[in-house]
Structure formats: structure tokens, C-alpha cells
Amino acid sequence: MEDTFENSARKSSTEERRNSSVRKISSERPNRRITLATITSGVIMDTSDLKPPIGSEENVASEQEAIVARATLTFSRNPDRKISRDATPHIDNYRTQHSLIRPTLPELFNPNGNNQQQPVEEEAVEAHHDNRVGDKFGWIEGVLIRNMMSIWGVMLFLRLTWVVGQAGIGETLIIIAISTFITLVTALSMSAISTNGEIGGGGTYFVMSRVLGPEFGGSIGIIFAFANAMDCSLNVVGFSQAVQDMMKEYGGVIIVDGGITDIRIIGTITLIFISAICGLGAKYETKMKDVMFVIMMAAFTNFITGSIMGPSTEAEEARGFIGYSIDLLNENWKPGYTVTAGQMQNFITVFSVYFPASIGILAGANVSGNLKDPNKAIPKGTILAIIICSISYAGVAIICAATVARAATGIVEDLNNGTNLNCTINECNYGLYYDYQAMALVSAFGPLNYVGCFAAALSSALSDFVSCPALLEVIAADKLYPYWMVGFWGKGYGPSNKPFRAFAFTFVLAMAFVLIAELDVIALLISNLFLATFALMNFSTFHVSLIKPIGWRPTFKYYNTWLSLLTGILSIACMMLISLPTAMITIAIVLFFYLVVLYRSPEVNWGSSTQAQTYRAALTSIQQLVHIEEHVKNYRPQILVLTGLPNTRPALVDFAYLICKNNSLMICGNVVEEKLTFEARLKLQQKAYRYLRFTNIKGFCTVADNSDLQTGAAAMLGLAGVGKVKPNILMMGYKNNWSTCDRNSLDQYVLTIHTGFEMHVAVAILRLKEGLDCSEIVADIDQLISQSSDKKVKDKKRKTVDNSVVSVKENIPTIVEPSTESTAVHIEIRPVKVTKKDQKIKNKKVEERIALRDVAGNPLPKSVLNSIVLFQRKQKKDTIDVWWLSDDGGLTLLLPVIINSRSNWSETKLRIFCTASGVHELENEQIGMAMLLSKFRIDYSDLVIITDVDVPPKSKTKKWFDDLIRPLLQSANNEGPQLTAGELEAFQYKTDRYLRLRELLLDHSSDSNLVFMTLPVTRKGAFSAPLYMAWLEALTANMPPFVLVRGNQTSVLTFYS
């Protein structure tokens, strides 16, 4: 088989290579050949082993398809049989859930490596796992008709004539134009976003959340769901009012009181009917809308015909239906605002009543999950629906203004007397002002108009009732909000995954507004909700088109960035003008749900425009900083801390973050001697970031491989960061085993300090008595962190806390002492907020702990635990001692000031120690230093001037030092660090000074919380690494947490404003 394959490949012609984009199947011989080629190489594979089953009599086409499928599968499972491992471009490789058809880069350049792939079939199942079983609709049935029926709602039949009577035909057309402008531009904005990639279920929510991010998207999704439920109740109340009017008109039937109570009864029955229809499925709801669409067309025809025919009886003419009249049109052209329901009407109030008539433009988008091709259907159907409905609204308004008077008595005798239009003699109850059924009066057959009104109201109510559960379901699936808030309602049932709980919630919410039974009140409320939705929709398009991320390539080009912004502003202005209190409440609700998502920080990454803006703003700021000369007032300590893996030196990471938190850059550096593969490097970085994220530390991680400590540190100092955002401090842990390690390791450590000075950065060294490296005494907690993260992802509905862990009131790291009954020691690393199981205190948050043990699984000693969380705990009222021995630019003083400003260290006091040449200079030094500290605005408790620093050390101290270095004074054959008597004698004066400083440190700072001291500068090549480390040992041995700091001799403090 292999020989046949190779020979076939060699015989492939140039022509076959040019036609490589197609698959050719020859059926001339039973043993067929398939040409599977790429642009660069033709591959012909013998398929004699791919014969169809014996006895199969299917047509040639089906056999060819089966052979192609099996050949493709063979290629995916046997890559060694192909000349090239490259895969041709395929749509599955670019879906959100990645397919494994495309080979990885290591598979291409390292074919002999251990590269494993998941089977294609399994991945395909995962990629399509969320596909829902159900009916799909085209753009006409799914969007155009649905939107038109939603826009042709109850307001068309019950309030448009009243709007014409109040505002006149001139201002009515302006109102229609403004509404059309807002909705049309919103539709253009939505079309641009919806054609920038595939969209799923959820429509408006899906589009906005993926553009603006989960915070705004989730909040407006909730608002829009509520708005749809309220719009459903609006149409149900309108339907009930129309039924009530028809009952009075054609029989005088009254159920209870002929008023609000009757509307509530009819509305309740109607809402139950609507919920039953929607519960059957989108198919039945859509079919019912199609029937109602036909009824609407008949009603329109009936209305136009009646307007042409004119009044058929004197009763119709007495009620104000005159027929087409130029004089009447002129009379109705200007506004004539009156008092309605105790309120004087004006342009704004009339606009607020009319605007809900145009809010149905999103009905089709809301059911995007039920559309065959939402990317094409939504723009085409929505825009066309807006145009058709706006023209129809304007046409109906003009016809009513040209045929019906504003007010009429409805009395035939008044008609005969010519006073039927005079409301001063008799009360007027008809006309555009008073008769909400004026369209029925104009229609040729009045009952058909009522049927049309019923069809419009029920159709809009059906669309809204379907949209609300669909939105709740999608929002619940994204898990942006707590389960009890939204997730509970989104649970699906049955093979089609119907969210019956969401249907029940929609029914209860809509029923609450149906019971209000006031059409104008409900219209006022929902106008603000939809205007808020339109405003954010337009802002979404404006924002993403202004930022222009690389992925912004909508196929719909007929939108404008600034027009979208203008429409968004206009929508907000309309909210304020319609009702300022309602607008404020709407904004408050949006803000509330925004803050909920912001606080919960759900683990979603949708590539929103806010992310693109964050990147763009960061890049722009960094580029601007490059051209700005650094100023001492804006100095920030940006630290490269050599931690290795951060979880191995938690105290060092915490100390660096104590300085950088909410202030500056922190990079955790890891130097690895071995050369790492991409996968190994990626695993190290993921492990480091996993720890930082779990401990809520905002920092970066970098890895330098195939290098020693000094080379790796130099590389990271030179390459880490960008522009002015790069390290200016190299921080290291103290090398506790300096006297026993091999000489090369010690030389590398000291050379790293030299490297920091050579690269003009400050150097800081932290020492703890117990050491910093926990890798050999504490078990790796990364596995526990991973398990905790996996548990959080798999079980977000319930999160429990171990009862053995004691909660703390303060949001600070604390150690829980082991009890005699427990074998585990619980230590709080940093807070990860979870909810308690007990519902009585479900709003309270507790801290998640991790049980730390040594490598053998035993509890850790208290001293080790204290050293690990030293820089996380609340410090007692003690001191931070600063030994500012040399003027290094002020960094030795600045770092303790920053630490003292942190909440955990705020109760400690600063003590400043300086040196003077002699007693005669004591007073001058003290006055000068006090003045300098005052100008620096540094609050300190004590200022101590040391005058006897040049006094020879005591013999006891010298003996201690001699015992320290005696093991180093050995023969040259010893592999450890070496010292010579000549070198000791040459630098005896320095040694004596450091020993004297040790005595002073023991006298003054042995009980301090933290000690800072200026780091001695190593003159490169002047003395050996062992001697330098012996001096540092003399300064820091048996002391509290000790920090040696040396700035780069550039000022970091200033007393100028």
C-alpha cells in the first residue's frame, strides 16, 4: 500500500497540482483513486481498501461521497501516509471550539515528537454540542413578518388617531420621523454588529454582550427582557380594551363594571392563552403570526376602502367621519393639545405615548437562535420592516386627519342642525380626541377593524412573550449572575430544551402589569426601557467602529460611526424628556446589574470592544510615555523580582507586591538552566499566573531558559517591559546557603548584583531568618489551586467551605492554628470569594483556605507558617527601622514609606537612623536630616544620628565573624567558596565597619518588625564573592526581616511641588 501511494504521488502531474482545490473521483475502475491535494503538493492515494459494502446498489454519487468521507478519515488518523502534514483551510478550524483537524506547529516541524491529537469525531461532537433541536425560519417568516406584526401593535389601532388629534398631522409626521430615525439607525447599527461574525441565540443581548462585554451586555439583557414582558402586557391591555369597546359597541355587554376590572379579567384570560401558544413552541407561534398577518392585511384594505367610500350613515358622520376633505386636512394640520386624564398634553407627552409603537424592531433579532441564517435575516428583515411600517403609520395618520374631525358630539340631531362638531352646546365624546376606535369608524366593515386590532395586539404580545424567556435562557447560560437571580429561570426541559421556568417568570411579570390596566402608564414605563436598549445598541456600534479592532469586518456597510453616536445621545435625551424620574430609575437598574457582574467577575472572554479599547489605550499611553522625560515626582518602583516559580517563594512575592500594589509594575522572573520547549515554557508560565491569580496578585511572569542566573537576570532586565514600563529595581532573595554552596553558584549570585548596577537599576535583597525558598519544605500547592479552580468551574451553583476552617472578619491573611484533634494546618493564602451554603447568610462572603503541609504531608511548624504569610498579616504597633547610611537617591527611604502606607503596616512607626562623622557634627546632622525629612513630607517617630560607627568592633563580634569565615579559609582543593588571609587583611577596615554596624543593629533594631539598610556597593573585581557575602551576613544574621536596598544614585524623592 505504501509503495502504491508513493508511486501515485510521484506520477501526479502539474495539471493535477493546479486543480488541487477540488477532489476528483474516477469511477472507471472498481479500484478508484482519489486526488487529495494541497496547493504545494498533489497527493493521490490508492483507495482499493475503501470499496463500498458488498451488495450495495446505491447510486454513484452516494458511493463517491462515502469514499471521500472514509478517505478523509483515513488521512486524519494516519498522517504518516501523507506527503505533507499541512491541512487545507477548513471552516471547522475557525469555530469557537477548536477542531483538531489542523496540525499543531510542533507536529509540522517535529514530526517525531510525542504529539497527540483528540479524534476528529469527538471534537466535532463537542463543537456542535450546544446546537438545539427545533424549527428554523427564513428572513421573511422569522424576521420581516415578526417585526412588522410587532410594530403594527395595539398603538396603531387605539392611539394613533389620538396622536393625530393632539399633535396635528404636521407634528405627528415629525414624531413618526423621529421614531423612525431612532429605530432605523439602531437597526443599521445592529445590522453592522450582527454581520460581523456568527451570532447565537439571544439576539440583542448576544450582540451587545459580545461587543460591550458582560457588564453592560448582561445589564441591558435583563432590562430588555423586562421590557419585552412589559410590552407583552401593553398589547394584552390594548387587546382587552378593544374587546371591551367592541362588546359595548355591538351589544352593550359589561362583565363587572365596564371599566378597569373588565380589562383585567379579559387581560388575564388573554395572557393565559398567549402563554399556552408560546409554550407549544416557536413553530406554532410563528404559524399563528402568519395567520394574523393575513388578517392585518385585510384590516388595512378594509380601512383604506372605508376611507374612500366615506360615511355610510348619518350616525357615522355625526361621530366626526366626514370623508376626504382638504379643509379638514388643513384644520387638522396644526397641533391642538388638550387635557387628557388630568394632564395637559404637549409634544413630549404625545411622543412618549406613540414611541412604543416602533419598539418592535428587535422582535426578529430576539429569536436569532431560531433563524436559519441570522446574519442575513436580521439586517434585511428588520430594515425592510421599519420602512414598510413607518410608511403605513404615516399613511394611516394622513387618512385619519383628512377624514375625521377632532371632536364630535355623535348626535344625529346635531348633525342635522350643523352643530355636531360644536362641543360648546353638547359634550363631545367622539372624534380624534375622544374616540380610540376612530379607525373602526372609518373602516368599511367595522368589526373587521376590531379583528385587525386583535390580530396586531396578539401578534405583538406573542413576540414579546417568546422574546423574554429566550433572553433569560441565554443570559442564564452565560452564568453572569448568581444562580438564584437568573440561572434558576433559564433551566431547560425536554428534547428542545424549553425554559419553562422562564416562561412562568414572564407570565407572572406580564400579569403584574396587566393588572395595572392603564395603557398610557405602561407605555410611559416601557418607552424608557427600550430607549435605553437603543442607546446602548448604538453606542456598541459607535464604540467598536471607533476602536476598529482587527476582527471588525462587518459585511453590512451601510452604517455610520457618528450617526450611531448621535442616535444614542438622542435616545438618552428622549428618555430624560419623557420622564426624568423613570429615566433615573432605568439608569439605576442598569447600573445595579452592571455592578453585580463587575463584582462577580465571571470567567468569560468574548473579545469585546472594551478589551480592544483597553489594549489600544495601554499601547497609546506607553507610546506617549516613551517621548516624555522621566520626572522624579512620577517615579514608581517597578520591580523585577527573581522568584523562580512564585509559589516557591510566597513571602518574596508578597513583599514585592506590597510595594507595587495598585502603584507600579511587578514582574516575577524565573531563570531555568535547561533549554525549554514551548510546551514546557507555557506550563511554567501558566503555573505562575495560576498562583498569582488565585492569590489576587496583579503582576506578570517571565521565564529565561538555557542560561545561568546572571545571564538570565540580565536578559530579563533588558527585555522585560516596554518603553518606560520596565523594571527599575532588581529584587532578590538572600542566599542563605552561600557558605556551603559551590563557588560558581555564589559567583553567579554576586555577579547578578553587579549586573543590576551595570544596567543602572536599583538592587534590593530580602532576608528572612527561616529563608524564602519553600519548595523543599512545603508541598506544591499548584495542584490544590487547580483542583479548586476546576471545582469552581464545574460547580458554580453550590460552593461550600470546609467546616474545619474558621472564618475571619477582616479581609487579611491570617493563620489558623492547628488543633490537637486535626492533623492539617489551614492557612489563608489570599481571598477567593465564594458563597455559603446556608441560605440565611447567603449574602455574606468567606475566605477560601488551602491546607499547607510539608512534602511528607505533615503539618508545618508555626515559624514556617509565620514566615510565609509575614507580609500578608496585620502588623502590630511596632517599628520599621530605616538605616539610611548612604545617599542612593532616596530609594532606601522611599520603600519603607510605601510599605508604611499599606493598611496592614499602617500602625507601625518609622525610625530613621543616619551616621555622623563625630560628636561635634551631631547637632548639625540632626537638624539637616530633620529638615530634609520634613520637606519630603515623611512622617517618622524617631530620628537617630549614630556618631560612633567608626569605633572598632568588640572582640566578641570579631570572634563571631572569625568563626563564620573559618570554614572558608581552606585549601584550594575545596569546592566551596574560598577566602584568603591576604584578602581579609586588605579589607580589614571595611570588615570592622560592617561588624560595628552589626553591633549597632543588634542594639537598636533587633526587635523591629522590618529593617531597611543601604546595600553596600560591590566594586567589581576588587574583592571576592565570599568576602562580600560575609559582610552581608554580618549585617543581616539573626535579625528581623531585613531588606538591603541600593538605589541607582538617581533621585526618587523631591520636596518640590
# chains A, B, ... in the order shown; residues from 1 in each chain; ligands from 1

$ residues_around --residues "stretch 750-763 of chain A" --least-positions-apart "2" --cutoff "6 Å" --atoms "only C-alpha atoms" --output "NGL selection string"
:A and (710 or 728-731 or 747-748 or 1045-1048)

$ select_by_dssp --residues "stretch 220-426 of chain A" --states "strand (DSSP E)" --output "JSON, numbers by chain"
{"A": [339, 340, 343, 344]}

$ write_last_selection --atoms "all heavy atoms" --output "PDB file, in the first residue's frame"
ATOM      1  N   VAL A 339     -56.366  68.693  27.462  1.00  0.00           N
ATOM      2  CA  VAL A 339     -56.141  67.997  28.729  1.00  0.00           C
ATOM      3  C   VAL A 339     -56.725  66.591  28.608  1.00  0.00           C
ATOM      4  O   VAL A 339     -57.902  66.431  28.271  1.00  0.00           O
ATOM      5  CB  VAL A 339     -56.791  68.757  29.907  1.00  0.00           C
ATOM      6  CG1 VAL A 339     -56.621  67.964  31.196  1.00  0.00           C
ATOM      7  CG2 VAL A 339     -56.195  70.156  30.033  1.00  0.00           C
ATOM      8  N   THR A 340     -55.915  65.597  28.871  1.00  0.00           N
ATOM      9  CA  THR A 340     -56.350  64.197  28.834  1.00  0.00           C
ATOM     10  C   THR A 340     -55.943  63.521  30.123  1.00  0.00           C
ATOM     11  O   THR A 340     -54.760  63.570  30.506  1.00  0.00           O
ATOM     12  CB  THR A 340     -55.718  63.443  27.641  1.00  0.00           C
ATOM     13  OG1 THR A 340     -56.038  64.125  26.430  1.00  0.00           O
ATOM     14  CG2 THR A 340     -56.220  62.008  27.575  1.00  0.00           C
ATOM     15  N   GLN A 343     -54.064  65.696  32.578  1.00  0.00           N
ATOM     16  CA  GLN A 343     -52.738  66.207  32.230  1.00  0.00           C
ATOM     17  C   GLN A 343     -52.801  66.949  30.911  1.00  0.00           C
ATOM     18  O   GLN A 343     -53.362  66.454  29.929  1.00  0.00           O
ATOM     19  CB  GLN A 343     -51.724  65.058  32.128  1.00  0.00           C
ATOM     20  CG  GLN A 343     -50.309  65.530  31.764  1.00  0.00           C
ATOM     21  CD  GLN A 343     -49.342  64.373  31.604  1.00  0.00           C
ATOM     22  OE1 GLN A 343     -49.761  63.219  31.703  1.00  0.00           O
ATOM     23  NE2 GLN A 343     -48.088  64.671  31.384  1.00  0.00           N
ATOM     24  N   MET A 344     -52.196  68.148  30.900  1.00  0.00           N
ATOM     25  CA  MET A 344     -52.129  68.929  29.667  1.00  0.00           C
ATOM     26  C   MET A 344     -51.091  68.296  28.747  1.00  0.00           C
ATOM     27  O   MET A 344     -49.933  68.110  29.119  1.00  0.00           O
ATOM     28  CB  MET A 344     -51.754  70.378  29.969  1.00  0.00           C
ATOM     29  CG  MET A 344     -51.700  71.261  28.735  1.00  0.00           C
ATOM     30  SD  MET A 344     -53.338  71.371  27.937  1.00  0.00           S
ATOM     31  CE  MET A 344     -52.908  72.199  26.412  1.00  0.00           C
TER      32      MET A 344
END

$ atom_distance --atom1 "atom CA of A:Phe351" --atom2 "atom CA of A:Ile176"
8.7 Å

$ closest_residue --among "A:Val185, A:Met1029, A:Leu173, A:Ile361" --to "A:Leu979" --atoms "only C-alpha atoms"
A:Met1029

$ closest_residue --among "A:Asn736, A:Thr204, A:Thr305, A:Thr695" --to "A:Ile223" --atoms "only C-alpha atoms"
A:Thr204

$ select_by_dssp --residues "stretch 851-1045 of chain A" --states "helix (DSSP H, G or I)" --output "PyMOL selection string"
chain A and resi 862-868+891-900+903-905+919-935+955-968+981-986+988-1004+1025-1036

$ write_last_selection --atoms "C-alpha atoms" --output "PDB file, in the first residue's frame"
ATOM      1  CA  LYS A 862       4.432  27.753  63.245  1.00  0.00           C
ATOM      2  CA  SER A 863       7.659  29.597  62.426  1.00  0.00           C
ATOM      3  CA  VAL A 864       7.493  28.455  58.828  1.00  0.00           C
ATOM      4  CA  LEU A 865       3.861  29.472  58.546  1.00  0.00           C
ATOM      5  CA  ASN A 866       4.621  32.876  60.023  1.00  0.00           C
ATOM      6  CA  SER A 867       7.409  33.481  57.553  1.00  0.00           C
ATOM      7  CA  ILE A 868       5.201  32.512  54.604  1.00  0.00           C
ATOM      8  CA  LEU A 891      15.168  54.673  47.483  1.00  0.00           C
ATOM      9  CA  THR A 892      16.264  53.277  50.866  1.00  0.00           C
ATOM     10  CA  LEU A 893      13.844  55.764  52.457  1.00  0.00           C
ATOM     11  CA  LEU A 894      11.062  55.596  49.846  1.00  0.00           C
ATOM     12  CA  LEU A 895      10.397  51.849  50.001  1.00  0.00           C
ATOM     13  CA  PRO A 896       9.661  51.751  53.757  1.00  0.00           C
ATOM     14  CA  VAL A 897       7.448  54.832  53.351  1.00  0.00           C
ATOM     15  CA  ILE A 898       5.405  52.971  50.723  1.00  0.00           C
ATOM     16  CA  ILE A 899       5.111  49.900  52.945  1.00  0.00           C
ATOM     17  CA  ASN A 900       4.095  52.038  55.897  1.00  0.00           C
ATOM     18  CA  SER A 903      -3.242  49.112  55.576  1.00  0.00           C
ATOM     19  CA  ASN A 904      -1.534  46.068  57.120  1.00  0.00           C
ATOM     20  CA  TRP A 905       1.514  48.147  58.076  1.00  0.00           C
ATOM     21  CA  VAL A 919      30.006  64.318  68.139  1.00  0.00           C
ATOM     22  CA  HIS A 920      30.717  67.868  67.032  1.00  0.00           C
ATOM     23  CA  GLU A 921      28.626  67.309  63.874  1.00  0.00           C
ATOM     24  CA  LEU A 922      25.756  65.602  65.688  1.00  0.00           C
ATOM     25  CA  GLU A 923      23.589  68.672  66.075  1.00  0.00           C
ATOM     26  CA  ASN A 924      24.092  69.882  62.518  1.00  0.00           C
ATOM     27  CA  GLU A 925      23.397  66.434  61.071  1.00  0.00           C
ATOM     28  CA  GLN A 926      20.243  66.044  63.126  1.00  0.00           C
ATOM     29  CA  ILE A 927      18.891  69.470  62.155  1.00  0.00           C
ATOM     30  CA  GLY A 928      19.712  68.946  58.498  1.00  0.00           C
ATOM     31  CA  MET A 929      18.185  65.486  58.325  1.00  0.00           C
ATOM     32  CA  ALA A 930      15.049  66.592  60.182  1.00  0.00           C
ATOM     33  CA  MET A 931      14.625  69.452  57.728  1.00  0.00           C
ATOM     34  CA  LEU A 932      15.114  67.117  54.773  1.00  0.00           C
ATOM     35  CA  LEU A 933      12.535  64.637  56.071  1.00  0.00           C
ATOM     36  CA  SER A 934      10.123  67.473  56.724  1.00  0.00           C
ATOM     37  CA  LYS A 935      10.470  68.713  53.156  1.00  0.00           C
ATOM     38  CA  SER A 955      36.225  41.264  70.419  1.00  0.00           C
ATOM     39  CA  LYS A 956      33.089  39.166  70.846  1.00  0.00           C
ATOM     40  CA  THR A 957      31.852  40.348  67.474  1.00  0.00           C
ATOM     41  CA  LYS A 958      35.208  39.698  65.856  1.00  0.00           C
ATOM     42  CA  LYS A 959      35.241  36.183  67.241  1.00  0.00           C
ATOM     43  CA  TRP A 960      31.774  35.573  65.818  1.00  0.00           C
ATOM     44  CA  PHE A 961      32.996  36.711  62.407  1.00  0.00           C
ATOM     45  CA  ASP A 962      36.143  34.620  62.615  1.00  0.00           C
ATOM     46  CA  ASP A 963      34.061  31.555  63.352  1.00  0.00           C
ATOM     47  CA  LEU A 964      31.869  32.439  60.391  1.00  0.00           C
ATOM     48  CA  ILE A 965      34.687  32.620  57.838  1.00  0.00           C
ATOM     49  CA  ARG A 966      36.962  29.928  59.287  1.00  0.00           C
ATOM     50  CA  PRO A 967      35.455  27.161  57.102  1.00  0.00           C
ATOM     51  CA  LEU A 968      36.173  29.329  54.074  1.00  0.00           C
ATOM     52  CA  ALA A 981      44.201  35.764  54.564  1.00  0.00           C
ATOM     53  CA  GLY A 982      45.639  38.419  52.289  1.00  0.00           C
ATOM     54  CA  GLU A 983      42.231  39.483  51.092  1.00  0.00           C
ATOM     55  CA  LEU A 984      40.901  39.655  54.641  1.00  0.00           C
ATOM     56  CA  GLU A 985      43.816  41.789  55.724  1.00  0.00           C
ATOM     57  CA  ALA A 986      43.485  44.126  52.724  1.00  0.00           C
ATOM     58  CA  GLN A 988      40.002  44.711  57.292  1.00  0.00           C
ATOM     59  CA  TYR A 989      38.818  48.307  57.649  1.00  0.00           C
ATOM     60  CA  LYS A 990      35.612  47.514  55.739  1.00  0.00           C
ATOM     61  CA  THR A 991      35.103  44.377  57.746  1.00  0.00           C
ATOM     62  CA  ASP A 992      35.447  46.320  61.010  1.00  0.00           C
ATOM     63  CA  ARG A 993      32.905  48.881  59.855  1.00  0.00           C
ATOM     64  CA  TYR A 994      30.322  46.232  58.969  1.00  0.00           C
ATOM     65  CA  LEU A 995      30.924  44.423  62.242  1.00  0.00           C
ATOM     66  CA  ARG A 996      30.394  47.682  64.110  1.00  0.00           C
ATOM     67  CA  LEU A 997      27.174  48.240  62.170  1.00  0.00           C
ATOM     68  CA  ARG A 998      26.108  44.754  63.229  1.00  0.00           C
ATOM     69  CA  GLU A 999      26.546  45.724  66.857  1.00  0.00           C
ATOM     70  CA  LEU A1000      24.525  48.871  66.370  1.00  0.00           C
ATOM     71  CA  LEU A1001      21.800  46.924  64.562  1.00  0.00           C
ATOM     72  CA  LEU A1002      21.568  44.414  67.379  1.00  0.00           C
ATOM     73  CA  ASP A1003      21.346  47.228  69.903  1.00  0.00           C
ATOM     74  CA  HIS A1004      18.665  49.271  68.159  1.00  0.00           C
ATOM     75  CA  ALA A1025      32.206  36.962  46.313  1.00  0.00           C
ATOM     76  CA  PRO A1026      32.687  35.045  49.614  1.00  0.00           C
ATOM     77  CA  LEU A1027      34.015  38.144  51.360  1.00  0.00           C
ATOM     78  CA  TYR A1028      31.137  40.280  50.096  1.00  0.00           C
ATOM     79  CA  MET A1029      28.594  37.716  51.268  1.00  0.00           C
ATOM     80  CA  ALA A1030      30.360  37.513  54.638  1.00  0.00           C
ATOM     81  CA  TRP A1031      29.824  41.267  55.056  1.00  0.00           C
ATOM     82  CA  LEU A1032      26.132  40.920  54.163  1.00  0.00           C
ATOM     83  CA  GLU A1033      25.880  38.026  56.617  1.00  0.00           C
ATOM     84  CA  ALA A1034      27.374  40.227  59.331  1.00  0.00           C
ATOM     85  CA  LEU A1035      24.718  42.874  58.703  1.00  0.00           C
ATOM     86  CA  THR A1036      21.674  40.618  58.466  1.00  0.00           C
TER      87      THR A1036
END

$ residues_around --residues "A:Tyr434" --least-positions-apart "5" --cutoff "9 Å" --atoms "only C-alpha atoms" --output "JSON, numbers by chain"
{"A": [162, 165, 406, 407, 408, 428, 429]}

$ write_last_selection --atoms "N, CA and C atoms" --output "PDB file, in the first residue's frame"
ATOM      1  N   TRP A 162     -55.551  59.299  18.240  1.00  0.00           N
ATOM      2  CA  TRP A 162     -55.457  60.286  19.326  1.00  0.00           C
ATOM      3  C   TRP A 162     -54.220  61.142  19.164  1.00  0.00           C
ATOM      4  N   GLY A 165     -54.950  63.740  16.571  1.00  0.00           N
ATOM      5  CA  GLY A 165     -55.809  64.792  17.096  1.00  0.00           C
ATOM      6  C   GLY A 165     -55.055  65.766  17.971  1.00  0.00           C
ATOM      7  N   ARG A 406     -61.633  66.439  14.768  1.00  0.00           N
ATOM      8  CA  ARG A 406     -61.005  66.276  16.069  1.00  0.00           C
ATOM      9  C   ARG A 406     -62.030  65.967  17.154  1.00  0.00           C
ATOM     10  N   ALA A 407     -63.199  66.562  17.080  1.00  0.00           N
ATOM     11  CA  ALA A 407     -64.215  66.378  18.119  1.00  0.00           C
ATOM     12  C   ALA A 407     -65.595  66.397  17.488  1.00  0.00           C
ATOM     13  N   ALA A 408     -66.475  65.567  18.010  1.00  0.00           N
ATOM     14  CA  ALA A 408     -67.854  65.499  17.511  1.00  0.00           C
ATOM     15  C   ALA A 408     -68.744  64.984  18.627  1.00  0.00           C
ATOM     16  N   CYS A 428     -68.754  66.553  23.671  1.00  0.00           N
ATOM     17  CA  CYS A 428     -68.194  65.742  22.582  1.00  0.00           C
ATOM     18  C   CYS A 428     -67.547  64.481  23.154  1.00  0.00           C
ATOM     19  N   ASN A 429     -67.937  63.334  22.635  1.00  0.00           N
ATOM     20  CA  ASN A 429     -67.355  62.058  23.055  1.00  0.00           C
ATOM     21  C   ASN A 429     -66.763  61.286  21.879  1.00  0.00           C
TER      22      ASN A 429
END

$ residues_around --residues "stretch 140-145 of chain A" --least-positions-apart "2" --cutoff "12 Å" --atoms "only C-alpha atoms" --output "number ranges by chain"
A: 135-138, 147-152, 203, 282-283, 285-294, 296-297, 360-389, 456, 459-460, 463

$ closest_residue --among "A:Leu665, A:Asn235, A:Val256, A:Leu580" --to "A:Leu156" --atoms "only C-alpha atoms"
A:Asn235

$ atom_distance --atom1 "atom CA of A:Gly170" --atom2 "atom CA of A:Tyr433"
16.2 Å

$ atom_distance --atom1 "atom CA of A:Asp773" --atom2 "atom CA of A:Gly712"
18.9 Å
